[in-house]
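work07.cif follows (mmCIF, C-alpha atoms and all ligand atoms):
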data_run
loop_
_atom_site.label_atom_id
_atom_site.label_comp_id
_atom_site.auth_asym_id
_atom_site.auth_seq_id
_atom_site.Cartn_x
_atom_site.Cartn_y
_atom_site.Cartn_z
CA MET A 1 85.89 126.98 90.05
CA GLY A 2 84.30 129.47 92.32
CA GLU A 3 84.70 129.91 96.02
CA SER A 4 81.69 128.48 97.79
CA HIS A 5 81.00 129.53 101.35
CA PRO A 6 77.36 129.95 102.10
CA HIS A 7 77.92 131.76 105.39
CA PRO A 8 79.58 135.15 105.83
CA ARG A 9 83.31 134.66 105.90
CA ALA A 10 85.90 137.27 106.79
CA PRO A 11 88.79 137.68 104.31
CA HIS A 12 91.26 136.17 106.79
CA HIS A 13 89.31 132.91 107.14
CA PRO A 14 90.24 129.88 105.02
CA VAL A 15 88.39 129.37 101.75
CA LEU A 16 86.23 126.28 101.32
CA HIS A 17 85.87 124.88 97.80
CA ASN A 18 82.83 122.74 98.50
CA GLU A 19 82.85 121.11 95.08
CA TYR A 20 86.01 119.08 95.88
CA CYS A 21 84.71 117.70 99.19
CA ILE A 22 84.83 113.91 99.35
CA ASN A 23 81.34 113.90 100.90
CA ARG A 24 79.96 115.77 97.91
CA ARG A 25 81.42 113.20 95.52
CA GLN A 26 80.15 110.02 97.16
CA ARG A 27 78.10 108.78 100.11
CA LEU A 28 79.77 105.44 100.74
CA ARG A 29 82.40 106.69 103.18
CA ALA A 30 82.12 109.90 105.15
CA CYS A 31 85.06 112.23 105.71
CA HIS A 32 85.14 114.18 109.00
CA VAL A 33 88.72 115.45 108.95
CA CYS A 34 87.90 119.16 108.98
CA ARG A 35 85.40 118.67 111.81
CA GLU A 36 87.89 116.61 113.81
CA VAL A 37 90.84 118.99 113.51
CA CYS A 38 88.97 122.27 113.89
CA PRO A 39 89.26 123.45 117.51
CA ALA A 40 86.31 125.84 117.07
CA ALA A 41 83.52 123.56 115.77
CA VAL A 42 83.28 125.45 112.49
CA TYR A 43 82.46 122.42 110.31
CA GLN A 44 79.27 120.35 110.50
CA VAL A 45 80.27 117.55 108.09
CA PRO A 46 79.23 115.11 106.85
CA GLN A 47 75.57 116.10 107.38
CA GLY A 48 75.98 119.53 105.88
CA HIS A 49 78.76 121.82 104.79
CA GLU A 50 77.73 125.21 106.10
CA PRO A 51 80.75 126.38 108.09
CA LYS A 52 80.15 128.59 111.11
CA TRP A 53 82.82 131.07 110.14
CA GLU A 54 81.88 133.31 113.05
CA ASN A 55 83.63 130.71 115.31
CA CYS A 56 86.79 130.48 113.19
CA LEU A 57 90.11 131.13 115.00
CA ASN A 58 92.07 131.31 111.71
CA CYS A 59 94.42 128.60 112.90
CA GLY A 60 94.57 127.06 109.40
CA LEU A 61 94.57 123.43 110.57
CA CYS A 62 91.62 122.59 108.33
CA SER A 63 93.30 123.77 105.14
CA ALA A 64 96.49 121.82 105.84
CA GLN A 65 94.76 118.60 106.87
CA CYS A 66 91.83 118.25 104.44
CA PRO A 67 92.70 115.13 102.41
CA ALA A 68 90.93 116.43 99.30
CA ARG A 69 92.57 119.85 99.41
CA CYS A 70 89.22 121.61 99.27
CA ILE A 71 90.14 124.16 101.92
CA THR A 72 92.78 126.73 101.04
CA PRO A 73 94.52 129.26 103.27
CA SER A 74 93.09 132.77 103.20
CA LYS A 75 94.50 135.11 100.58
CA SER A 76 96.50 137.05 103.16
CA GLU A 77 98.06 133.83 104.45
CA MET A 78 98.73 132.73 100.89
CA ARG A 79 100.58 136.00 100.30
CA ASP A 80 102.72 135.44 103.41
CA TYR A 81 103.53 131.88 102.32
CA LEU A 82 104.50 132.94 98.82
CA PHE A 83 106.54 135.89 100.01
CA ALA A 84 108.50 133.66 102.40
CA MET A 85 108.96 131.07 99.66
CA MET A 86 110.60 133.52 97.30
CA GLU A 87 112.83 135.18 99.89
CA ALA A 88 114.11 132.26 101.87
CA ASP A 89 117.80 131.41 102.05
CA LEU A 90 117.31 129.52 105.26
CA PRO A 91 113.59 128.92 105.64
CA THR A 92 112.61 129.16 109.29
CA ILE A 93 109.00 128.89 110.34
CA SER A 94 107.74 129.33 113.88
CA CYS A 95 104.51 128.72 115.67
CA GLY A 96 102.93 131.10 118.15
CA HIS A 97 104.18 129.06 121.13
CA SER A 98 107.82 128.99 120.13
CA SER A 99 110.47 131.08 121.87
CA ALA A 100 112.36 131.45 118.56
CA GLU A 101 111.02 133.64 115.78
CA GLY A 102 111.00 132.29 112.25
CA MET A 103 110.86 134.31 109.06
CA LEU A 104 107.32 133.03 108.67
CA GLN A 105 105.01 132.84 111.66
CA VAL A 106 102.06 130.48 111.70
CA SER A 107 99.55 129.51 114.37
CA CYS A 108 100.67 125.89 114.28
CA VAL A 109 103.25 123.96 112.27
CA GLY A 110 100.46 121.45 111.55
CA ALA A 111 98.62 124.24 109.76
CA ILE A 112 101.25 124.41 106.99
CA PRO A 113 100.28 122.42 103.88
CA TRP A 114 102.91 119.67 103.61
CA GLU A 115 103.38 120.47 99.92
CA TYR A 116 104.59 123.93 100.92
CA LEU A 117 107.25 122.42 103.17
CA ALA A 118 108.11 119.91 100.45
CA TYR A 119 108.67 122.77 98.01
CA LEU A 120 111.05 124.51 100.42
CA SER A 121 112.83 121.30 101.35
CA VAL A 122 113.63 120.24 97.77
CA THR A 123 116.38 122.83 97.70
CA HIS A 124 116.90 123.83 101.33
CA ASN A 125 116.78 122.40 104.77
CA VAL A 126 113.82 123.87 106.60
CA VAL A 127 113.79 124.77 110.27
CA LEU A 128 110.52 124.54 112.16
CA TYR A 129 110.36 126.21 115.56
CA THR A 130 107.64 124.76 117.73
CA GLY A 131 106.50 125.15 121.31
CA GLU A 132 106.14 122.09 123.45
CA CYS A 133 103.20 120.99 121.31
CA GLU A 134 101.18 119.98 124.36
CA GLY A 135 97.60 121.07 124.65
CA CYS A 136 97.90 123.35 121.63
CA LEU A 137 94.69 124.17 119.78
CA SER A 138 92.53 121.96 121.97
CA GLY A 139 94.97 119.09 121.63
CA HIS A 140 94.79 118.85 117.84
CA GLY A 141 97.98 120.70 117.04
CA LYS A 142 100.40 117.93 118.01
CA GLU A 143 98.55 115.35 115.94
CA CYS A 144 98.45 117.69 112.93
CA VAL A 145 102.20 118.41 113.24
CA ALA A 146 102.89 114.67 113.25
CA THR A 147 100.71 114.14 110.15
CA THR A 148 102.41 116.96 108.26
CA LEU A 149 105.92 115.77 109.16
CA GLY A 150 104.97 112.20 108.25
CA GLN A 151 103.78 113.30 104.80
CA LEU A 152 106.97 115.23 104.28
CA GLU A 153 109.20 112.34 105.32
CA LYS A 154 107.31 110.04 102.95
CA PHE A 155 107.72 112.54 100.10
CA HIS A 156 111.49 112.39 100.62
CA GLY A 157 111.48 108.57 100.56
CA GLY A 158 111.66 108.12 104.33
CA ASP A 159 114.39 110.70 104.79
CA SER A 160 113.59 113.09 107.64
CA THR A 161 116.81 115.12 107.48
CA HIS A 162 115.30 117.79 105.24
CA VAL A 163 113.45 119.34 108.13
CA ILE A 164 114.86 120.33 111.51
CA VAL A 165 112.28 120.64 114.28
CA SER A 166 113.48 122.61 117.24
CA GLU A 167 112.03 124.37 120.25
CA GLU A 168 115.00 126.73 120.35
CA ALA A 169 116.76 128.99 117.86
CA VAL A 170 119.14 127.05 115.62
CA GLU A 171 122.56 128.40 114.70
CA GLU A 172 123.02 128.78 110.99
CA PRO A 173 125.75 126.35 109.96
CA GLN A 174 126.91 126.72 106.36
CA ASP A 175 125.72 123.30 105.29
CA LEU A 176 122.25 124.16 106.48
CA ARG A 177 121.73 126.82 103.85
CA VAL A 178 121.43 124.78 100.71
CA ARG A 179 121.52 121.03 100.68
CA SER A 180 123.32 120.44 97.42
CA SER A 181 125.63 122.36 95.14
CA VAL A 182 123.65 120.93 92.22
CA PHE A 183 120.64 122.72 93.59
CA LEU A 184 122.47 125.96 94.34
CA GLY A 185 122.41 127.13 90.73
CA ALA A 186 118.92 125.82 90.34
CA THR A 187 117.82 127.65 93.44
CA LYS A 188 119.19 131.08 92.61
CA ARG A 189 117.92 131.17 89.08
CA GLY A 190 114.94 129.03 89.93
CA GLN A 191 113.69 131.40 92.59
CA ASP A 192 113.82 134.30 90.15
CA ALA A 193 112.06 132.30 87.47
CA LEU A 194 109.43 131.04 89.87
CA ALA A 195 108.91 134.48 91.40
CA GLN A 196 108.24 135.73 87.88
CA ALA A 197 106.00 132.79 87.00
CA TYR A 198 103.96 133.09 90.16
CA SER A 199 103.75 136.88 90.39
CA ASP A 200 100.09 136.61 89.40
CA ILE A 201 99.40 133.61 91.61
CA ARG A 202 96.27 135.05 93.12
CA SER A 203 94.64 135.56 89.75
CA ARG A 204 95.27 131.91 88.82
CA ASP A 205 92.84 129.25 89.86
CA TYR A 206 94.39 126.00 90.98
CA GLY A 207 91.84 125.53 93.76
CA GLY A 208 93.62 123.80 96.60
CA LEU A 209 96.46 122.61 94.40
CA VAL A 210 98.56 125.72 94.14
CA PHE A 211 101.49 124.43 96.21
CA ARG A 212 101.35 121.09 94.38
CA LYS A 213 101.57 122.91 91.06
CA MET A 214 104.55 124.89 92.28
CA LEU A 215 106.18 121.71 93.62
CA ALA A 216 105.74 119.97 90.25
CA ASP A 217 107.27 122.97 88.44
CA LEU A 218 110.20 123.10 90.85
CA LEU A 219 110.93 119.37 90.52
CA ASP A 220 110.92 119.74 86.72
CA PHE A 221 113.29 122.67 87.00
CA VAL A 222 115.69 120.95 89.38
CA SER A 223 115.61 117.73 87.33
CA SER A 224 116.47 119.63 84.17
CA LYS A 225 119.39 121.39 85.90
CA ALA A 226 120.66 118.19 87.49
CA GLU A 227 120.01 116.31 84.21
CA MET A 228 118.41 113.51 86.17
CA PRO A 229 114.99 112.98 87.68
CA VAL A 230 114.51 113.93 91.31
CA ASP A 231 112.51 111.02 92.72
CA CYS A 232 109.81 111.69 95.22
CA VAL A 233 107.17 109.56 96.90
CA VAL A 234 103.48 110.37 96.77
CA ASP A 235 100.28 108.44 97.45
CA LEU A 236 98.72 107.24 94.21
CA PRO A 237 95.82 104.88 93.50
CA GLN A 238 96.33 101.85 91.26
CA PRO A 239 93.79 99.93 89.14
CA ASN A 240 93.98 96.14 89.43
CA GLU A 241 92.97 93.26 87.17
CA ARG A 242 89.27 93.68 88.01
CA CYS A 243 89.19 97.03 86.18
CA TYR A 244 87.26 96.91 82.92
CA GLY A 245 87.60 100.59 82.06
CA CYS A 246 84.14 102.00 82.93
CA GLY A 247 85.78 105.33 83.87
CA ILE A 248 83.51 106.13 86.85
CA CYS A 249 86.57 106.73 89.05
CA ALA A 250 87.94 109.27 86.59
CA ASP A 251 84.59 111.07 86.39
CA ILE A 252 84.36 111.31 90.17
CA CYS A 253 87.96 112.41 90.85
CA PRO A 254 87.60 115.86 92.45
CA HIS A 255 90.63 117.35 90.76
CA GLY A 256 90.38 115.70 87.36
CA ALA A 257 93.69 113.92 88.00
CA LEU A 258 92.74 110.50 86.65
CA ARG A 259 92.24 109.41 83.04
CA VAL A 260 90.81 106.06 81.99
CA GLU A 261 90.55 105.81 78.22
CA THR A 262 89.35 102.91 76.10
CA GLU A 263 90.27 102.43 72.45
CA GLY A 264 89.35 99.69 70.02
CA SER A 265 92.40 97.48 69.71
CA GLY A 266 91.98 96.99 65.98
CA GLU A 267 93.05 93.39 66.46
CA ALA A 268 89.64 91.83 66.94
CA GLU A 269 86.14 93.21 66.78
CA GLY A 270 84.75 93.59 70.29
CA SER A 271 88.10 93.96 72.00
CA GLY A 272 89.65 97.15 73.26
CA ARG A 273 92.56 98.56 75.20
CA VAL A 274 92.20 100.53 78.42
CA ASN A 275 94.86 103.02 79.38
CA ALA A 276 94.87 104.44 82.92
CA SER A 277 97.10 107.37 83.81
CA LEU A 278 97.09 110.34 86.11
CA GLN A 279 98.62 113.74 86.63
CA ALA A 280 100.46 113.15 89.88
CA TRP A 281 100.49 116.82 90.92
CA LYS A 282 96.70 116.86 90.74
CA CYS A 283 96.23 113.59 92.62
CA VAL A 284 95.90 114.45 96.30
CA GLY A 285 95.59 110.80 97.31
CA CYS A 286 92.08 111.32 98.68
CA GLY A 287 90.98 107.82 97.66
CA THR A 288 87.60 108.88 96.28
CA CYS A 289 88.30 106.87 93.11
CA ALA A 290 88.86 103.71 95.17
CA ILE A 291 85.75 104.32 97.29
CA VAL A 292 83.39 104.66 94.32
CA CYS A 293 84.59 101.61 92.40
CA ARG A 294 82.06 98.91 93.33
CA ARG A 295 84.18 96.21 91.70
CA LYS A 296 87.11 96.99 94.06
CA ALA A 297 89.18 97.48 90.93
CA MET A 298 90.97 100.60 92.18
CA GLU A 299 93.41 100.11 95.04
CA GLU A 300 93.47 102.76 97.76
CA PRO A 301 96.29 105.29 97.25
CA SER A 302 99.60 104.02 98.60
CA PRO A 303 103.14 105.43 98.52
CA ARG A 304 104.80 105.27 95.13
CA ALA A 305 108.17 106.63 94.04
CA VAL A 306 107.82 108.68 90.88
CA PRO A 307 110.39 110.59 88.84
CA THR A 308 107.94 113.40 88.08
CA LEU A 309 104.69 114.86 89.37
CA ARG A 310 103.41 115.06 85.80
CA SER A 311 101.84 112.19 83.89
CA VAL A 312 102.22 108.77 85.50
CA GLU A 313 101.10 105.62 83.66
CA LEU A 314 99.04 103.33 85.89
CA GLY A 315 98.59 100.50 83.44
CA GLU A 316 97.27 99.29 80.12
CA PHE A 317 95.10 96.22 79.68
CA PHE A 318 92.74 94.56 77.24
CA VAL A 319 88.98 94.38 77.72
CA ARG A 320 85.85 93.45 75.80
CA VAL A 321 84.02 96.40 74.28
CA CYS A 322 80.52 96.86 72.86
CA SER A 323 80.55 95.96 69.19
CA GLN A 324 78.19 98.85 68.47
CA CYS A 325 79.42 101.87 70.48
CA GLY A 326 82.86 100.71 71.64
CA ARG A 327 82.16 101.25 75.38
CA PRO A 328 83.84 98.69 77.67
CA LEU A 329 81.63 95.75 78.66
CA PRO A 330 81.46 94.52 82.28
CA PRO A 331 82.99 91.00 82.39
CA GLU A 332 79.68 89.46 83.51
CA GLN A 333 77.78 91.01 80.60
CA GLU A 334 76.73 88.44 78.04
CA GLY A 335 76.50 89.19 74.33
CA GLU A 336 78.39 91.73 72.28
CA ARG A 337 76.43 94.88 73.02
CA CYS A 338 76.30 97.10 76.09
CA VAL A 339 73.11 97.76 78.06
CA LEU A 340 72.71 101.25 76.57
CA CYS A 341 72.88 100.00 72.98
CA LEU A 342 70.50 97.12 73.76
CA ARG A 343 68.03 99.55 75.36
CA SER A 344 68.14 101.99 72.46
CA ARG A 345 67.62 99.11 70.04
CA LEU A 346 64.58 97.90 71.97
CA SER A 347 63.07 101.39 72.16
CA ARG A 348 63.22 101.87 68.41
S1 LIG B 1 88.18 117.51 105.30
FE1 LIG B 1 87.82 118.18 103.18
S2 LIG B 1 87.02 116.37 102.13
FE2 LIG B 1 86.83 115.98 104.33
S3 LIG B 1 84.74 116.67 104.86
FE3 LIG B 1 86.13 118.40 105.23
S4 LIG B 1 86.09 119.62 103.37
FE4 LIG B 1 85.27 117.56 102.86
S1 LIG B 2 91.06 127.97 110.51
FE1 LIG B 2 91.03 126.76 112.42
S2 LIG B 2 89.26 127.55 113.56
FE2 LIG B 2 89.04 128.26 111.43
S3 LIG B 2 87.80 126.72 110.44
FE3 LIG B 2 89.93 126.10 110.10
S4 LIG B 2 90.42 124.72 111.75
FE4 LIG B 2 88.55 125.81 112.35
S1 LIG B 3 92.96 110.02 91.31
FE1 LIG B 3 91.80 109.16 93.05
S2 LIG B 3 93.11 109.54 94.85
FE2 LIG B 3 93.84 110.89 93.19
S3 LIG B 3 92.72 112.86 93.48
FE3 LIG B 3 91.54 111.62 92.01
S4 LIG B 3 90.01 110.55 93.30
FE4 LIG B 3 91.64 111.29 94.70
#
Written as C-alpha cells, how would this file's structure read?
Ligand code: SF4
Ligand code: SF4
Ligand code: SF4
Amino acid sequence: MGESHPHPRAPHHPVLHNEYCINRRQRLRACHVCREVCPAAVYQVPQGHEPKWENCLNCGLCSAQCPARCITPSKSEMRDYLFAMMEADLPTISCGHSSAEGMLQVSCVGAIPWEYLAYLSVTHNVVLYTGECEGCLSGHGKECVATTLGQLEKFHGGDSTHVIVSEEAVEEPQDLRVRSSVFLGATKRGQDALAQAYSDIRSRDYGGLVFRKMLADLLDFVSSKAEMPVDCVVDLPQPNERCYGCGICADICPHGALRVETEGSGEAEGSGRVNASLQAWKCVGCGTCAIVCRRKAMEEPSPRAVPTLRSVELGEFFVRVCSQCGRPLPPEQEGERCVLCLRSRLSR
C-alpha cells in the first residue's frame, strides 16, 4: 500500500491513502467527512480527491475523523503519539487552548484517533485537557471532540470513567494512575514488550490501522494476563437472511476485514454452506460492505460486544450453489447452473 497524494505535501501534513476512501470503493453513497471537518478547505470530495495541501493547518482533524481510516497522522505526529504511549504512567493530553500542559500536546482533542485513546485507557485513566471548546478550528473542534469521546465511551461499553476531561490541571490521585491491579503487571511488562514490538513501527505498513493493531495486541496481552477476555464494543456489520454468499461485500471492504466463503456442504449436490467472519481490528465500521450489497443483506455496522478484536464469526448458513462451479446461486436464479457457467456453455 503506497502513500497516494497527488499534490505536494509537506512531511508534517497528514497522509492520505486514497485507495481506502469510501468514495473510491462505491458511488452509491458519498462520504464528505474530511471536507466537512477540515477548517482549511483542503479536501474536494466527493468529486475529486486532490487535496490542497498548501492550505493545510496540520490540525489532524481529518485523520481522526475519517470513517474509513484512510488518512493517517504525519510521521512526526505518529512518533509523538508512540513516544507518549510507551512512556505514560498517567497519560495527559492537552490541546493548544488549554491552560494545563499535558505530556502530549495536540491541536485539538478531536484530532486524536479514538483507538489511540482506547489503547491508553485499557490500562490507565486518561486525562484530556481542553480549552473551552468554543469556536475552535472554525467551529469543528467541539463536534470532533464529542465524536471521539462518544466512540471511546462506546468501546468501553458505555462507561465514560476511563477518560477525565478537564479545563484545568488535575491532581494526581493514586487511583488515577492505573485502573486495576490486574492490569498493573500487564502494563509494566506489556509496555516493555510493546515498545520492543513496535520499535520499527514506521517501517511497518498497517495503513490507517496502526492504532487498531496495537489495541488488538494489547487486549490479547491483558486478556492472557487476566486469564479472561476483556470485552469491548465496536461497530461491526452483520449479514442477514437475504445473504446468499456472493462475496461482493468482502471484495469491496477497504481493509480486507471481511471474509465470505462458500463450501459445498457434501450433503446434497447443489447445496453449500456460507461462512461469514471478520477480523475485528481491521473492520473500521465504515459501512461500505452494507452500501454495496444491493440485496440489503448486510446490516449497517452497529455496536457489538466482542471478547477479542481478532476473528469474529458473523454467521453460517446454507445456500444453493451452481452444480458445475460451486459458486452460490442468487435465490431468484432458476436451474442448477450459474449465469457464468451457462454463458460459457452457450459460447462453446
Ligand atoms: S473522510 Fe475518508 S472515506 Fe470519507 S471522503 Fe474523506 S478520505 Fe474518503
Ligand atoms: S490536518 Fe487539518 S487543515 Fe490539514 S487537511 Fe487535515 S483537517 Fe485540513
Ligand atoms: S467489513 Fe464492512 S464495515 Fe468493516 S471495514 Fe470492511 S467494508 Fe467497512
Name all residues at most 9 Å from A:Glu261 (count only C-alpha atoms; drop same-chain ones fewer than 3 positions away) and give them as number ranges by chain.
A: 245-247, 273-277
Which is closer to A:Asp217 than all the others in A:Arg310, A:Arg79, A:His17, A:Arg69, using all atoms listed in the file?
A:Arg310
Output the neighbourhood of ligand LIG 3 (chain B) as number ranges by chain, that is, all protein and nucleic acid residues with some atom at most 9 Å from the ligand, counting all atoms listed in the file.
A: 22, 67-68, 235-238, 249-259, 277-280, 282-292, 298, 300-301
At a cut-off of 8 Å, using only C-alpha atoms, what residues contact stretch 115-121 of chain A? Leave out same-chain residues fewer than 4 positions from it and give the result as a list in words.
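Final neighbour list, sorted by chain and number: Met85, Pro91, Asn125, Val126, Leu152, Phe155, His162, Val163, Phe211, Arg212, Met214, Leu215 and Leu218 of chain A.
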Shortest interatomic distance to A:Cys66 - which of A:Met78, A:Pro113, A:Leu104, A:Arg25, counting only C-alpha atoms
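Closest to A:Cys66, using only C-alpha atoms: A:Pro113.
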As JSON, please: the centre and edge lengths in Å, to one decimal, of an axis-aligned box enclosing every listed atom of ligand LIG 2 (chain B) with 4 Å added on each side.
{"center_x": 89.4, "center_y": 126.5, "center_z": 111.8, "size_x": 11.3, "size_y": 11.5, "size_z": 11.5}
Quick one: everything within 7 Å of A:Pro46, counting only C-alpha atoms, minus sequence neighbours fewer than 2 positions away in the same chain. Send it as a list in words.
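Everything that qualifies: Asn23, Ala30, Cys31, His32, Gln44 and Gly48 of chain A.
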Counting all atoms listed in the file, which of A:Ser63, A:Thr148, A:Ser271, A:Ser347 gets nearest to ligand LIG 2 (chain B)?
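For ligand LIG 2 (chain B), the nearest of the given residues is A:Ser63.
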Can you list, as a VMD selection string, every protein, DNA or RNA residue that comes within 7 Å of A:Ile93 when you count all atoms listed in the file, leaving out same-chain residues fewer than 5 positions away?
chain A and resid 102 to 105 127 to 129
Using only C-alpha atoms and all ligand atoms, determine which residues fall within 7 Å of ligand LIG 2 (chain B), then list them as a CSV table (one decimal) with C-alpha atoms, in the frame of the given file.
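New file result.csv:
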chain,number,residue,atom,x,y,z
A,13,HIS,CA,89.3,132.9,107.1
A,14,PRO,CA,90.2,129.9,105.0
A,34,CYS,CA,87.9,119.2,109.0
A,37,VAL,CA,90.8,119.0,113.5
A,38,CYS,CA,89.0,122.3,113.9
A,39,PRO,CA,89.3,123.4,117.5
A,40,ALA,CA,86.3,125.8,117.1
A,41,ALA,CA,83.5,123.6,115.8
A,42,VAL,CA,83.3,125.4,112.5
A,43,TYR,CA,82.5,122.4,110.3
A,53,TRP,CA,82.8,131.1,110.1
A,55,ASN,CA,83.6,130.7,115.3
A,56,CYS,CA,86.8,130.5,113.2
A,57,LEU,CA,90.1,131.1,115.0
A,58,ASN,CA,92.1,131.3,111.7
A,59,CYS,CA,94.4,128.6,112.9
A,60,GLY,CA,94.6,127.1,109.4
A,61,LEU,CA,94.6,123.4,110.6
A,62,CYS,CA,91.6,122.6,108.3
A,63,SER,CA,93.3,123.8,105.1
One decimal place gives the atom CA of A:Glu153-atom CA of A:Pro303 separation as 11.4 Å
Any idea what the distance is between atom CA of A:Ala169 and atom CA of A:Gln65?
26.7 Å
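Atom pair atom CA of A:His140 / atom CA of A:Leu90: separated by 27.9 Å.
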